[in-house]
Every structure is written in structure tokens, then in C-alpha cells.
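What follows is the content of upload.cif (mmCIF, C-alpha atoms).
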data_coords
loop_
_atom_site.label_atom_id
_atom_site.label_comp_id
_atom_site.auth_asym_id
_atom_site.auth_seq_id
_atom_site.Cartn_x
_atom_site.Cartn_y
_atom_site.Cartn_z
CA MET A 108 26.25 11.42 2.66
CA ILE A 109 25.18 7.83 3.31
CA ASP A 110 21.57 9.05 3.29
CA VAL A 111 21.99 10.48 -0.17
CA LEU A 112 23.58 7.25 -1.42
CA VAL A 113 20.78 5.11 0.01
CA ALA A 114 18.18 7.45 -1.47
CA LEU A 115 19.91 7.27 -4.85
CA LEU A 116 20.02 3.47 -4.60
CA PHE A 117 16.27 3.32 -4.01
CA LEU A 118 15.63 5.76 -6.86
CA LEU A 119 17.77 3.60 -9.14
CA LEU A 120 15.85 0.48 -8.10
CA MET A 121 12.60 2.33 -8.82
CA VAL A 122 13.81 3.16 -12.33
CA VAL A 123 14.86 -0.47 -12.86
CA CYS A 124 11.45 -1.70 -11.70
CA ALA A 125 9.64 0.82 -13.90
CA VAL A 126 11.57 -0.23 -17.00
CA ALA A 127 11.10 -3.91 -16.15
CA ALA A 128 7.35 -3.43 -15.69
CA LEU A 129 7.19 -1.84 -19.12
CA ARG A 130 9.27 -4.50 -20.86
CA VAL A 131 7.65 -7.59 -19.37
CA LYS A 132 4.94 -9.12 -21.56
CA ASP A 133 2.81 -10.78 -18.89
CA LEU A 134 0.56 -8.20 -17.27
CA LEU A 135 0.45 -10.09 -13.95
CA ALA A 136 4.25 -10.02 -13.79
CA ALA A 137 4.15 -6.30 -14.57
CA VAL A 138 1.74 -5.78 -11.68
CA ILE A 139 4.03 -7.66 -9.28
CA ILE A 140 7.02 -5.62 -10.43
CA PHE A 141 4.95 -2.51 -9.96
CA GLY A 142 4.32 -3.61 -6.38
CA ALA A 143 8.09 -3.84 -5.88
CA PHE A 144 8.35 -0.35 -7.39
CA SER A 145 5.94 0.91 -4.75
CA PHE A 146 7.92 -0.72 -1.95
CA PHE A 147 11.13 0.94 -3.14
CA SER A 148 9.25 4.20 -3.43
CA ALA A 149 8.05 3.81 0.17
CA ALA A 150 11.60 3.02 1.29
CA PHE A 151 12.79 6.14 -0.53
CA PHE A 152 10.23 8.22 1.34
CA VAL A 153 11.46 6.73 4.63
CA VAL A 154 15.03 7.77 3.81
CA GLN A 155 13.72 11.24 3.03
CA ASP A 156 11.99 11.36 6.47
CA ALA A 157 8.56 11.53 4.85
CA LEU A 158 7.11 8.79 7.03
CA ASP A 159 3.45 9.67 6.55
CA VAL A 160 3.78 9.43 2.78
CA ALA A 161 5.84 6.24 3.04
CA PHE A 162 3.10 4.69 5.14
CA THR A 163 0.45 5.49 2.55
CA GLU A 164 2.63 4.43 -0.37
CA ALA A 165 3.42 1.06 1.20
CA ALA A 166 -0.21 0.33 2.00
CA VAL A 167 -1.91 1.75 -1.10
CA GLY A 168 0.76 1.43 -3.76
CA ALA A 169 2.21 -1.91 -2.86
CA VAL A 170 -0.77 -3.76 -1.43
CA ILE A 171 -4.17 -2.44 -2.42
CA THR A 172 -3.33 -1.22 -5.93
CA THR A 173 -1.73 -4.58 -6.66
CA VAL A 174 -4.90 -6.36 -5.57
CA PHE A 175 -7.00 -4.02 -7.72
CA PHE A 176 -4.80 -4.62 -10.75
CA VAL A 177 -4.91 -8.39 -10.27
CA CYS A 178 -8.70 -8.26 -10.02
CA ALA A 179 -8.94 -6.14 -13.16
CA ILE A 180 -6.63 -8.50 -15.05
CA ARG A 181 -8.62 -11.53 -13.91
CA ARG A 182 -11.71 -9.91 -15.33
CA THR A 183 -10.06 -9.18 -18.65
CA THR A 184 -6.98 -10.92 -20.01
CA PRO A 185 -3.47 -11.48 -18.62
CA ARG A 186 -1.65 -10.94 -21.93
CA VAL A 187 -1.23 -7.87 -24.04
CA ARG A 188 -1.52 -9.14 -27.56
CA TRP A 189 -0.28 -6.07 -29.36
CA ILE A 190 3.02 -5.87 -27.48
CA GLY A 191 5.82 -7.61 -29.30
CA ARG A 192 4.00 -7.76 -32.60
CA ARG A 193 5.75 -4.79 -34.11
CA GLN A 194 4.03 -3.67 -37.25
CA ARG A 195 6.13 -2.50 -40.12
CA GLY A 196 5.72 1.14 -41.00
CA SER A 197 3.99 1.89 -37.71
CA TYR A 198 4.01 5.60 -37.08
CA TYR A 199 3.34 5.37 -33.35
CA GLU A 200 6.95 5.21 -32.24
CA PRO A 201 8.23 8.26 -34.16
CA LEU A 202 5.12 10.13 -33.10
CA ALA A 203 5.69 9.23 -29.45
CA LEU A 204 9.32 10.32 -29.69
CA LEU A 205 8.27 13.57 -31.35
CA LEU A 206 6.00 14.27 -28.38
CA LEU A 207 8.30 13.01 -25.65
CA VAL A 208 11.51 14.83 -26.58
CA PRO A 209 10.02 18.34 -26.25
CA ALA A 210 8.37 17.27 -22.99
CA LEU A 211 11.74 16.06 -21.69
CA VAL A 212 13.37 19.36 -22.66
CA VAL A 213 10.66 21.32 -20.86
CA LEU A 214 10.96 19.15 -17.75
CA LEU A 215 14.75 19.44 -17.65
CA GLN A 216 14.41 23.20 -18.06
CA ALA A 217 12.02 23.27 -15.12
CA ALA A 218 14.23 21.00 -13.04
CA ALA A 219 17.16 23.35 -13.55
CA ASP A 220 15.15 26.09 -11.84
CA LEU A 221 14.37 23.98 -8.76
CA PRO A 222 16.18 24.97 -5.57
CA PRO A 223 18.67 22.42 -4.20
CA VAL A 224 17.20 19.81 -1.84
CA GLY A 225 17.05 21.10 1.73
CA ASP A 226 17.87 24.69 0.77
CA GLY A 227 16.54 26.74 3.69
CA ALA A 228 16.38 29.93 1.64
CA SER A 229 14.09 28.52 -1.04
CA ALA A 230 10.48 29.62 -1.43
CA PRO A 231 8.71 26.74 0.37
CA PHE A 232 10.76 27.32 3.51
CA THR A 233 10.48 31.09 3.74
CA HIS A 234 6.73 31.76 3.77
CA VAL A 235 4.37 29.62 5.84
CA ALA A 236 6.65 26.71 6.79
CA PRO A 237 8.46 28.53 9.65
CA TYR A 238 5.10 29.67 10.97
CA TYR A 239 3.76 26.10 10.95
CA ILE A 240 6.90 24.81 12.63
CA GLU A 241 6.90 27.48 15.34
CA GLN A 242 3.18 27.75 16.02
CA GLY A 243 1.87 24.38 14.87
CA HIS A 244 2.14 22.45 18.10
CA GLU A 245 0.72 25.24 20.26
CA GLN A 246 -2.15 26.12 17.96
CA THR A 247 -3.32 22.66 16.99
CA GLY A 248 -2.06 20.44 19.80
CA ALA A 249 -0.47 18.07 17.29
CA SER A 250 3.17 17.01 17.64
CA ASN A 251 3.12 15.52 14.16
CA LEU A 252 3.24 18.64 12.02
CA VAL A 253 2.04 16.71 8.99
CA THR A 254 -1.24 16.12 10.80
CA ALA A 255 -1.33 19.76 11.92
CA VAL A 256 -0.99 20.99 8.34
CA LEU A 257 -3.12 18.30 6.74
CA ALA A 258 -6.09 18.37 9.06
CA ASP A 259 -5.99 21.88 10.45
CA TYR A 260 -4.22 24.57 8.47
CA ARG A 261 -4.98 22.93 5.15
CA GLY A 262 -8.32 21.34 6.03
CA TYR A 263 -9.89 22.55 2.77
CA ASP A 264 -7.30 20.72 0.69
CA THR A 265 -7.83 17.52 2.63
CA LEU A 266 -11.58 17.79 2.12
CA GLY A 267 -10.79 18.13 -1.58
CA GLU A 268 -8.61 15.01 -1.43
CA LEU A 269 -11.34 13.02 0.25
CA THR A 270 -13.78 14.22 -2.40
CA VAL A 271 -11.39 13.05 -5.12
CA ILE A 272 -11.22 9.59 -3.53
CA PHE A 273 -14.99 9.48 -3.18
CA THR A 274 -15.37 10.50 -6.83
CA ALA A 275 -12.95 7.74 -7.86
CA GLY A 276 -15.07 5.17 -6.02
CA VAL A 277 -18.28 6.43 -7.60
CA ALA A 278 -16.67 6.53 -11.04
CA CYS A 279 -15.43 2.95 -10.65
CA LEU A 280 -18.91 1.85 -9.64
CA LEU A 281 -20.44 3.64 -12.63
CA VAL A 282 -17.96 2.27 -15.15
CA VAL A 283 -17.81 -1.35 -14.02
CA SER A 284 -21.28 -2.18 -12.79
CA GLY A 285 -24.04 -2.30 -15.34
CA LYS A 286 -27.59 -1.12 -15.19
CA ASP A 287 -28.60 -2.93 -12.02
CA GLY A 288 -28.43 0.14 -9.87
CA GLY A 289 -25.04 0.07 -8.23
CA SER A 290 -24.46 -3.47 -7.03
CA PRO A 291 -21.49 -5.25 -8.63
CA ARG A 292 -22.27 -7.29 -11.68
CA GLN A 293 -22.97 -10.89 -10.77
CA GLY A 294 -22.28 -14.00 -12.76
CA GLN A 295 -20.34 -12.35 -15.55
CA GLY A 296 -16.77 -13.20 -16.30
CA LYS A 297 -14.86 -15.55 -14.05
CA GLY A 298 -14.83 -13.51 -10.88
CA VAL A 299 -11.82 -13.43 -8.65
CA ARG A 300 -11.24 -16.17 -6.10
CA PHE A 301 -7.94 -16.38 -4.32
CA GLY A 302 -7.10 -18.35 -1.19
CA VAL A 303 -10.57 -19.69 -0.50
CA GLY A 304 -10.62 -23.00 1.33
CA SER A 305 -7.14 -23.20 2.81
CA PRO A 306 -7.22 -23.72 6.58
CA VAL A 307 -3.70 -22.32 7.01
CA ILE A 308 -4.43 -19.04 5.26
CA ASP A 309 -7.79 -18.85 6.97
CA ALA A 310 -6.33 -19.29 10.45
CA ALA A 311 -3.46 -16.85 9.85
CA SER A 312 -5.72 -14.15 8.47
CA ARG A 313 -8.19 -14.57 11.31
CA LEU A 314 -5.31 -14.19 13.74
CA LEU A 315 -4.03 -11.06 11.98
CA VAL A 316 -7.19 -9.13 11.28
CA PRO A 317 -8.06 -8.06 14.86
CA PHE A 318 -4.53 -6.70 15.26
CA MET A 319 -4.85 -4.88 11.94
CA TRP A 320 -8.00 -3.20 13.24
CA LEU A 321 -6.26 -2.30 16.47
CA PHE A 322 -3.32 -0.91 14.51
CA ALA A 323 -5.61 1.06 12.20
CA THR A 324 -7.29 2.66 15.20
CA TYR A 325 -3.92 3.36 16.78
CA VAL A 326 -2.67 4.97 13.58
CA LEU A 327 -5.79 7.14 13.44
CA VAL A 328 -5.81 8.26 17.06
CA HIS A 329 -2.05 8.54 17.45
CA GLY A 330 -1.70 10.47 14.19
CA HIS A 331 -1.34 13.58 16.34
CA GLU A 332 1.92 12.40 17.82
CA SER A 333 3.43 10.00 15.31
CA PRO A 334 3.26 9.35 11.57
CA GLY A 335 -0.20 8.30 10.53
CA GLY A 336 -3.72 9.62 10.44
CA GLY A 337 -7.01 9.08 8.71
CA PHE A 338 -5.70 8.08 5.31
CA GLN A 339 -3.28 5.51 6.68
CA GLY A 340 -5.76 4.12 9.17
CA GLY A 341 -8.43 3.85 6.50
CA VAL A 342 -6.11 2.07 4.12
CA ILE A 343 -5.11 -0.47 6.79
CA LEU A 344 -8.75 -1.07 7.70
CA ALA A 345 -9.64 -1.51 4.03
CA ALA A 346 -6.69 -3.87 3.56
CA SER A 347 -7.90 -6.05 6.42
CA ILE A 348 -11.42 -6.23 5.00
CA ILE A 349 -10.08 -7.01 1.53
CA LEU A 350 -7.85 -9.71 3.07
CA LEU A 351 -10.90 -11.32 4.64
CA ARG A 352 -12.76 -11.11 1.34
CA LEU A 353 -9.86 -12.74 -0.51
CA VAL A 354 -9.47 -15.52 2.02
CA ARG A 355 -13.02 -16.28 2.99
CA GLY A 356 -14.71 -15.88 -0.34
CA GLY A 357 -16.18 -12.58 -1.17
CA GLU A 358 -18.74 -10.02 -0.30
CA ARG A 359 -21.74 -12.32 -0.03
CA ARG A 360 -20.17 -14.31 2.80
CA SER A 361 -19.18 -11.24 4.73
CA ALA A 362 -21.30 -9.41 7.27
CA PHE A 363 -19.78 -6.24 5.81
CA THR A 364 -21.43 -6.02 2.42
CA SER A 365 -20.85 -3.78 -0.57
CA ASN A 366 -23.79 -1.66 0.49
CA HIS A 367 -22.18 -1.10 3.88
CA ALA A 368 -19.01 -0.01 2.09
CA LEU A 369 -21.05 2.39 -0.03
CA THR A 370 -22.63 3.80 3.13
CA LEU A 371 -19.19 4.30 4.70
CA ALA A 372 -17.87 5.88 1.50
CA CYS A 373 -20.66 8.44 1.70
CA ALA A 374 -20.54 8.86 5.48
CA GLY A 375 -16.85 9.85 5.48
CA PRO A 376 -17.07 13.02 3.36
CA LEU A 377 -20.39 13.79 5.04
CA LEU A 378 -18.79 13.66 8.50
CA TYR A 379 -15.88 15.82 7.30
CA GLY A 380 -18.13 18.40 5.67
CA GLY A 381 -20.58 18.16 8.57
CA ILE A 382 -17.90 19.22 11.04
CA GLY A 383 -17.08 22.08 8.69
CA VAL A 384 -20.71 23.20 8.53
CA ALA A 385 -21.12 22.76 12.30
CA SER A 386 -18.22 25.11 12.96
CA LEU A 387 -19.85 27.51 10.50
CA LEU A 388 -23.08 27.34 12.52
CA PHE A 389 -21.29 28.15 15.76
CA GLY A 390 -19.83 31.34 14.40
CA GLY A 391 -16.45 30.23 13.06
CA ASN A 392 -15.27 29.87 9.50
CA PHE A 393 -15.89 26.70 7.50
CA LEU A 394 -13.78 23.92 9.09
CA ASP A 395 -12.65 26.32 11.83
CA TYR A 396 -13.61 23.73 14.40
CA GLY A 397 -12.05 25.66 17.25
CA ALA A 398 -15.46 27.37 17.31
CA LEU A 399 -17.28 24.21 18.37
CA PRO A 400 -18.87 24.73 21.82
CA LEU A 401 -17.19 21.99 23.82
CA PRO A 402 -16.36 22.43 27.51
CA LEU A 403 -12.59 22.08 26.96
CA ASP A 404 -9.46 24.12 26.31
CA PRO A 405 -9.31 25.74 22.88
CA THR A 406 -6.40 23.47 21.96
CA GLU A 407 -8.26 20.39 23.10
CA VAL A 408 -11.28 21.41 21.06
CA ARG A 409 -8.99 21.62 18.04
CA VAL A 410 -7.61 18.16 18.82
CA ILE A 411 -11.13 16.73 19.01
CA GLY A 412 -12.05 18.50 15.77
CA THR A 413 -8.97 17.16 14.01
CA LEU A 414 -9.77 13.68 15.27
CA GLY A 415 -13.31 14.10 13.98
CA ILE A 416 -12.32 14.99 10.45
CA GLU A 417 -9.57 12.37 10.44
CA THR A 418 -12.23 9.83 11.39
CA GLY A 419 -14.24 11.10 8.44
CA VAL A 420 -11.22 10.56 6.19
CA MET A 421 -10.66 7.06 7.57
CA VAL A 422 -14.29 6.01 7.16
CA GLY A 423 -14.45 7.44 3.66
CA VAL A 424 -11.19 5.86 2.49
CA THR A 425 -12.16 2.46 3.90
CA GLY A 426 -15.55 2.56 2.24
CA VAL A 427 -14.26 3.65 -1.15
CA LEU A 428 -11.42 1.10 -1.27
CA VAL A 429 -13.65 -1.83 -0.27
CA LEU A 430 -16.25 -0.62 -2.75
CA ILE A 431 -13.73 -0.50 -5.60
CA PHE A 432 -12.52 -3.96 -4.67
CA ASP A 433 -16.04 -5.40 -4.64
CA THR A 434 -16.80 -3.75 -7.95
CA LEU A 435 -13.67 -5.10 -9.59
CA ALA A 436 -13.72 -8.55 -8.02
CA SER A 437 -17.32 -9.37 -8.93
CA TRP A 438 -17.75 -12.70 -7.17
CA ASP A 439 -19.89 -15.24 -8.88
CA ASP A 440 -20.48 -17.67 -6.06
CA GLY A 441 -17.61 -17.40 -3.64
CA THR A 442 -16.97 -21.12 -3.30
CA VAL A 443 -14.44 -23.34 -4.97
CA MET B 138 25.16 -8.57 23.96
CA ASN B 139 26.85 -7.20 20.87
CA VAL B 140 28.31 -10.63 20.13
CA VAL B 141 24.85 -12.22 20.25
CA ALA B 142 23.49 -9.49 17.98
CA GLY B 143 26.38 -9.95 15.55
CA VAL B 144 25.97 -13.72 15.45
CA MET B 145 22.23 -13.35 14.78
CA LEU B 146 22.85 -10.80 12.02
CA VAL B 147 25.46 -12.97 10.33
CA LEU B 148 23.25 -16.05 10.61
CA GLY B 149 20.34 -14.09 9.17
CA PHE B 150 22.53 -12.84 6.37
CA GLY B 151 23.61 -16.43 5.69
CA PHE B 152 19.99 -17.55 5.36
CA VAL B 153 19.16 -14.64 3.05
CA LEU B 154 22.23 -15.41 0.96
CA SER B 155 21.29 -19.08 0.69
CA GLY B 156 17.79 -18.06 -0.27
CA VAL B 157 19.02 -15.75 -3.02
CA ILE B 158 21.37 -18.42 -4.37
CA GLY B 159 18.49 -20.89 -4.25
CA ILE B 160 16.17 -18.59 -6.18
CA LEU B 161 18.80 -18.10 -8.85
CA ARG B 162 20.04 -21.69 -9.12
CA LEU B 163 17.18 -24.07 -8.36
CA PRO B 164 15.31 -25.58 -11.30
CA ASP B 165 11.61 -24.90 -10.75
CA PHE B 166 9.05 -22.86 -8.88
CA TYR B 167 8.58 -25.24 -5.94
CA CYS B 168 12.31 -25.56 -5.25
CA ARG B 169 12.72 -21.80 -5.46
CA LEU B 170 9.75 -21.37 -3.15
CA HIS B 171 11.43 -23.68 -0.68
CA ALA B 172 14.60 -21.60 -0.84
CA MET B 173 12.68 -18.37 -0.57
CA GLY B 174 10.68 -19.58 2.41
CA THR B 175 13.68 -19.92 4.69
CA CYS B 176 15.24 -16.71 3.40
CA ASP B 177 12.02 -14.82 3.87
CA THR B 178 11.15 -16.07 7.32
CA LEU B 179 14.21 -17.20 9.23
CA GLY B 180 16.68 -14.84 7.56
CA VAL B 181 14.62 -11.71 8.04
CA ALA B 182 13.50 -12.80 11.52
CA LEU B 183 17.09 -13.41 12.64
CA MET B 184 18.21 -10.07 11.26
CA ILE B 185 15.43 -8.14 12.96
CA GLY B 186 16.04 -10.12 16.14
CA GLY B 187 19.73 -9.22 15.98
CA LEU B 188 18.91 -5.55 15.52
CA ALA B 189 16.51 -5.71 18.46
CA VAL B 190 19.19 -7.30 20.66
CA SER B 191 21.75 -4.66 19.72
CA GLU B 192 19.17 -1.95 20.40
CA GLY B 193 18.76 -3.14 24.00
CA PHE B 194 15.59 -3.04 26.05
CA THR B 195 13.74 -0.05 24.59
CA LEU B 196 10.42 0.76 22.98
CA THR B 197 12.06 0.49 19.57
CA SER B 198 13.24 -3.04 20.22
CA LEU B 199 9.76 -3.94 21.45
CA LYS B 200 8.36 -2.69 18.15
CA MET B 201 11.00 -4.72 16.32
CA LEU B 202 9.88 -7.80 18.25
CA LEU B 203 6.30 -7.09 17.15
CA VAL B 204 7.51 -6.91 13.54
CA LEU B 205 9.30 -10.20 14.15
CA VAL B 206 6.10 -11.84 15.41
CA PHE B 207 4.23 -10.48 12.40
CA ILE B 208 6.86 -11.73 9.98
CA SER B 209 7.01 -15.20 11.49
CA LEU B 210 3.24 -15.36 11.17
CA ALA B 211 2.70 -13.76 7.78
CA ASN B 212 5.63 -14.94 5.70
CA PRO B 213 5.20 -18.72 6.10
CA THR B 214 1.52 -18.18 5.30
CA ALA B 215 2.48 -16.25 2.18
CA THR B 216 4.84 -19.05 1.15
CA HIS B 217 2.10 -21.58 1.74
CA ALA B 218 -0.35 -19.49 -0.28
CA LEU B 219 2.08 -19.24 -3.19
CA GLY B 220 2.74 -22.97 -3.22
CA ARG B 221 -0.96 -23.75 -2.94
CA ALA B 222 -1.81 -21.38 -5.76
CA ALA B 223 0.82 -23.05 -7.94
CA VAL B 224 -0.60 -26.52 -7.23
CA ARG B 225 -4.12 -25.34 -7.99
CA ALA B 226 -2.97 -23.67 -11.20
CA GLY B 227 -1.72 -27.08 -12.28
CA LEU B 228 2.02 -26.45 -12.18
CA THR B 229 3.77 -29.82 -12.18
CA PRO B 230 6.89 -30.15 -10.03
CA TRP B 231 10.23 -30.55 -11.75
CA THR B 232 11.62 -34.07 -11.84
CA THR B 233 14.78 -35.50 -13.38
CA PRO B 234 14.10 -36.89 -16.83
CA ARG B 235 13.96 -40.70 -17.11
CA GLY B 236 17.30 -42.42 -17.21
CA GLU B 237 19.23 -39.51 -15.78
CA ASP B 238 18.50 -40.21 -12.14
CA GLU B 239 20.81 -43.22 -12.04
CA ARG B 240 24.43 -42.47 -12.01
#
Represent the structure from my file as C-alpha cells, please.
Amino acid sequence: MIDVLVALLFLLLMVVCAVAALRVKDLLAAVIIFGAFSFFSAAFFVVQDALDVAFTEAAVGAVITTVFFVCAIRRTTPRVRWIGRRQRGSYYEPLALLLLVPALVVLLQAAADLPPVGDGASAPFTHVAPYYIEQGHEQTGASNLVTAVLADYRGYDTLGELTVIFTAGVACLLVVSGKDGGSPRQGQGKGVRFGVGSPVIDAASRLLVPFMWLFATYVLVHGHESPGGGFQGGVILAASIILLRLVRGGERRSAFTSNHALTLACAGPLLYGGIGVASLLFGGNFLDYGALPLPLDPTEVRVIGTLGIETGVMVGVTGVLVLIFDTLASWDDGTV
Amino acid sequence: MNVVAGVMLVLGFGFVLSGVIGILRLPDFYCRLHAMGTCDTLGVALMIGGLAVSEGFTLTSLKMLLVLVFISLANPTATHALGRAAVRAGLTPWTTPRGEDER
């Protein structure tokens, strides 16, 4: 009962944040409110026992997306000029209502057909879920069933996800950077410079970053047993690199350049697909990495294989996120 | 042990409450930042510390202590960063208008 109430509270706060983000006129304020929305969303996932998703939502939604939005706004303009200047006789609002009301009716209709939350007799719980729950640990060696499903049973889907992320990075690079062959545009616009030059922020971030790396690795390797995995580890790693870029002044001052990020972004999917092809070569199906010829138990081989593709996910996610950040931030000189 | 935990929780709650009142009532950004700093750092740290004490000596409480260390490191830095950004953006601190500061 108390769980349901807390979940409802977080949902309500999410709605409040969403409405506030729409109503506020300053885009930066909207971005901050959106960050709060993401935190409430993550908290909601925690209440619902979806810890892996909560992890990702907190790191991507609340932290990295906010940074991306701020960078994008810095490159453009912080105000929306057309909001608030309501034109007389504008036909947009009636048109929007005309479209939205049927959509709402359809959605409500669909929602009425959904099974009640936690109904054991509903379709998702009667087909493959019991099989995963009963066999998952034995077959894949993973205590965290999310990892078992994500990286083993549903390895194709995860490869698809990684490809989507990779495509997003490439698309961002294509849209934002000009003709100069992939490197972020230099010297145009103001560029984004945040905490450069403060000894306090510098010292604190330098103290934190090694532990962030350690935690990212822990999240990756321990994803078998506890919430976490490649996506979460990659996001934390990317967040630490972006933190260093924000504090110490950009890509040019970092040993980890944009080109390195691009290499990682490509290496991740390649590693994932490579493991798939390797298992194909050794007589299994694509991504059936139990077929890899390692001198270990079948379960242990699966664990190693899962770790391998999760590493691919982590490397790819890190590369793409840092790449998007570098593309959006577009440093002009990196000093203040 | 429970008494210690309770005292820490109540103290933490007091700091958070004072912070919230400060954010709502104080006149400008710097004052609100000052209120928020204590609420953010000491309030949250005390509350997590209280929870860790009531949990006893387990792995969970160790993790809570790690969160506590992280918070006491990250939150003051965040407060500092906010204040610094405001100064650099040219936000002038609030002062009483001339003539009103003498009773």
C-alpha cells in the first residue's frame, strides 16, 4: 500500500515537473526542471524495483542529457521568442487540440485493455518470463536476471540498442559539425565554458574521478550479480570524462580527445558484433557465445561472453556520449 | 543506538527544514544559496548518517557511509560552483536600500 502511495507521489511530481518545464519561459530553467523530472522518474523506477532502469535514468536523464541541453542552449539562444506572444487568430491551438483529443481517446482505450499491475496471469508473465526466472541463473550464470535477459537471451535486441546509440552519435556529428570532416566546429559561436579556473572545483573533481572510474568498472563487472551493466558503466565513465572536460577546459586540454571518443564509439559495436561473428565461426549461432572454445565450464564461458559484449556496450556508450558532448560544446579556446 | 539515530534524523530534518524556509524567504540568490548549502550538505549527511546508525554494522550501512562521504565532498563543491557562476555572470548581491538600514 505504502509502495503504491510513494509511486503515485513520484508520478504526480513528474507530472508537475513536466507541466512546469512546459510553462516556464527560460529554456535553461526548463532544462533544470527537466533534470528534476528525470530524478523523480528514477526514484519512481526504484520504488517499482526496476533498479537497472533507475540507474540509467538517473545518470543519462538527469545528468548527461541536462549537460547536452545546456550546451545546445549555449550555442543557440536561452529564450524562446515565440512563446508568450500569442497571435490573434492563430490556428495552431485548435489544430493541436483536434489532433490531441483523438490521440487521448485512443490511448485511454488502449490503457483500459492493459492487465492490472503485477497480474501474474497476464501475457508477459505466462510465456517466457517463468522460463527466464527458473532457468536464467543456471543457463547464464547471472544472478541479476536483467543482465541475463539483456545480454544473453535478448542479445540481438541489445546489439540493436547499441547500434541506435551509435547512429545517434554519428547523426549528431553529421548535423552539428560542418564540412571539416568530422571534428567539432572550432571558433564559431561562443563555445561552452563552465567551471574552468576554480581550484575548489578542480580539486574536488580530481578527487572524484578515479572513484567514478572504479565505480564504473564495478558496475560493469558486477552487473551479473547486482543492478548495473554495460550501459550504466558506460554512462558513468562518460559522465566522469565530461566532468573533467567541463572543469578543466575542453577537449583540446584532455589526453582523451574527440578522435579517441570516435574510436571508442566505433570499437564498442565492433566488439559486440565481433563476439557474435566469432561464435558464428566456432559453430554456434550468431551471439551464441557459449560456442566459444575456452577451457572453462559452459556456464563460465557464457559469463565471459556476457562480460565481453557488456564491455562492448560500455565502450560504445562512453565513446558516443563524449563524442556528442564534444560536438555540442565546441570549445573555442578552453581558457577564461 | 536507536536514540542516536533518532537524534541525527531529527537534526538532519531540522537543517533541511531551515534550508527550505531559507530558500522560500530569503531575498536573493546568494542568501538562498547559503540556506541551501547547509540543507544540502549537513541535513542530508545527518539523515543518511542516522539511517546508517539505525541500520547497524552491515554492508548496507557501509554503502550509506560511502554515500555520505560522496555527499560531503560533492555538495559543498556544487554550492561553491553555483555561487561562483553567479558572481561571474555579474549577479550583484542584495543589499538594503539606502536609508533603510538605520532603525
Checklist line | Minimum-distance residue to Leu327 in chain A, chosen among A:Ala143, A:Ile349, A:Leu428, A:Ile343 (using only C-alpha atoms) | finding: A:Ile343
Selection: 7 Å around range 201-218 of chain B, only C-alpha atoms, excl. self and same-chain fewer than 4 positions, as a PDB file with C-alpha atoms, in the coordinates of the input:
ATOM      1  CA  GLY A 302      -7.100 -18.350  -1.190  1.00  0.00           C
ATOM      2  CA  VAL A 307      -3.700 -22.320   7.010  1.00  0.00           C
ATOM      3  CA  ILE A 308      -4.430 -19.040   5.260  1.00  0.00           C
ATOM      4  CA  ALA A 311      -3.460 -16.850   9.850  1.00  0.00           C
TER       5      ALA A 311
ATOM      6  CA  LEU B 170       9.750 -21.370  -3.150  1.00  0.00           C
ATOM      7  CA  GLY B 174      10.680 -19.580   2.410  1.00  0.00           C
ATOM      8  CA  ASP B 177      12.020 -14.820   3.870  1.00  0.00           C
ATOM      9  CA  THR B 178      11.150 -16.070   7.320  1.00  0.00           C
ATOM     10  CA  ALA B 182      13.500 -12.800  11.520  1.00  0.00           C
ATOM     11  CA  ILE B 185      15.430  -8.140  12.960  1.00  0.00           C
ATOM     12  CA  GLY B 186      16.040 -10.120  16.140  1.00  0.00           C
ATOM     13  CA  ALA B 189      16.510  -5.710  18.460  1.00  0.00           C
ATOM     14  CA  THR B 197      12.060   0.490  19.570  1.00  0.00           C
ATOM     15  CA  ALA B 222      -1.810 -21.380  -5.760  1.00  0.00           C
TER      16      ALA B 222
END
Note to self: Running the PyMOL selection byres ((chain B and resi 184) around 10) on this model by hand, what would come out? Give it as an NGL selection string.
What the structure shows: :B and (142-150 or 152-153 or 179-183 or 185-190 or 205)
Could the centre and edge lengths of an axis-aligned box, enclosing all atoms of range 308-326 of chain A in the file with 6 Å extra on each side, be given in Å to one decimal as JSON?
{"center_x": -5.4, "center_y": -7.2, "center_z": 11.0, "size_x": 17.5, "size_y": 36.3, "size_z": 23.5}
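Atom pair CA of Phe338 in chain A / CA of Pro223 in chain A has a distance of 29.8 Å (rounded to one decimal).
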Item checked: All residues 8 Å or closer to Ser386 in chain A, all atoms listed in the file, same chain fewer than 2 positions away omitted, as a PyMOL selection string -> chain A and resi 382-384+388-399
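Between CA of Thr163 in chain A and CA of Gln339 in chain A the interatomic distance comes to 5.6 Å.
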Margin query: When you look at Tyr239 in chain A with a cut-off of 9 Å (counting all atoms listed in the file), what residues show up, excluding the ones that are within fewer than 5 positions of it in the same chain? I need them as an MDAnalysis selection string.
Written below: chainID A and resid 244 252 255:256 260
Requested write-out: C-alpha atoms of the selected residues, as an mmCIF file, in the frame of the given file:
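So out.cif came out as:
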data_model
loop_
_atom_site.group_PDB
_atom_site.id
_atom_site.type_symbol
_atom_site.label_atom_id
_atom_site.label_comp_id
_atom_site.auth_asym_id
_atom_site.auth_seq_id
_atom_site.Cartn_x
_atom_site.Cartn_y
_atom_site.Cartn_z
ATOM 1 C CA HIS A 244 2.140 22.450 18.100
ATOM 2 C CA LEU A 252 3.240 18.640 12.020
ATOM 3 C CA ALA A 255 -1.330 19.760 11.920
ATOM 4 C CA VAL A 256 -0.990 20.990 8.340
ATOM 5 C CA TYR A 260 -4.220 24.570 8.470
#
Checklist line | Target residues per the PyMOL selection byres ((chain A and resi 117-119) around 12), formatted as a count of residues only | finding: 27
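Residue nearest Arg225 in chain B, chosen from A:Lys132, A:Ser305, A:His367, A:Ile272 and counting all atoms listed in the file: A:Ser305.
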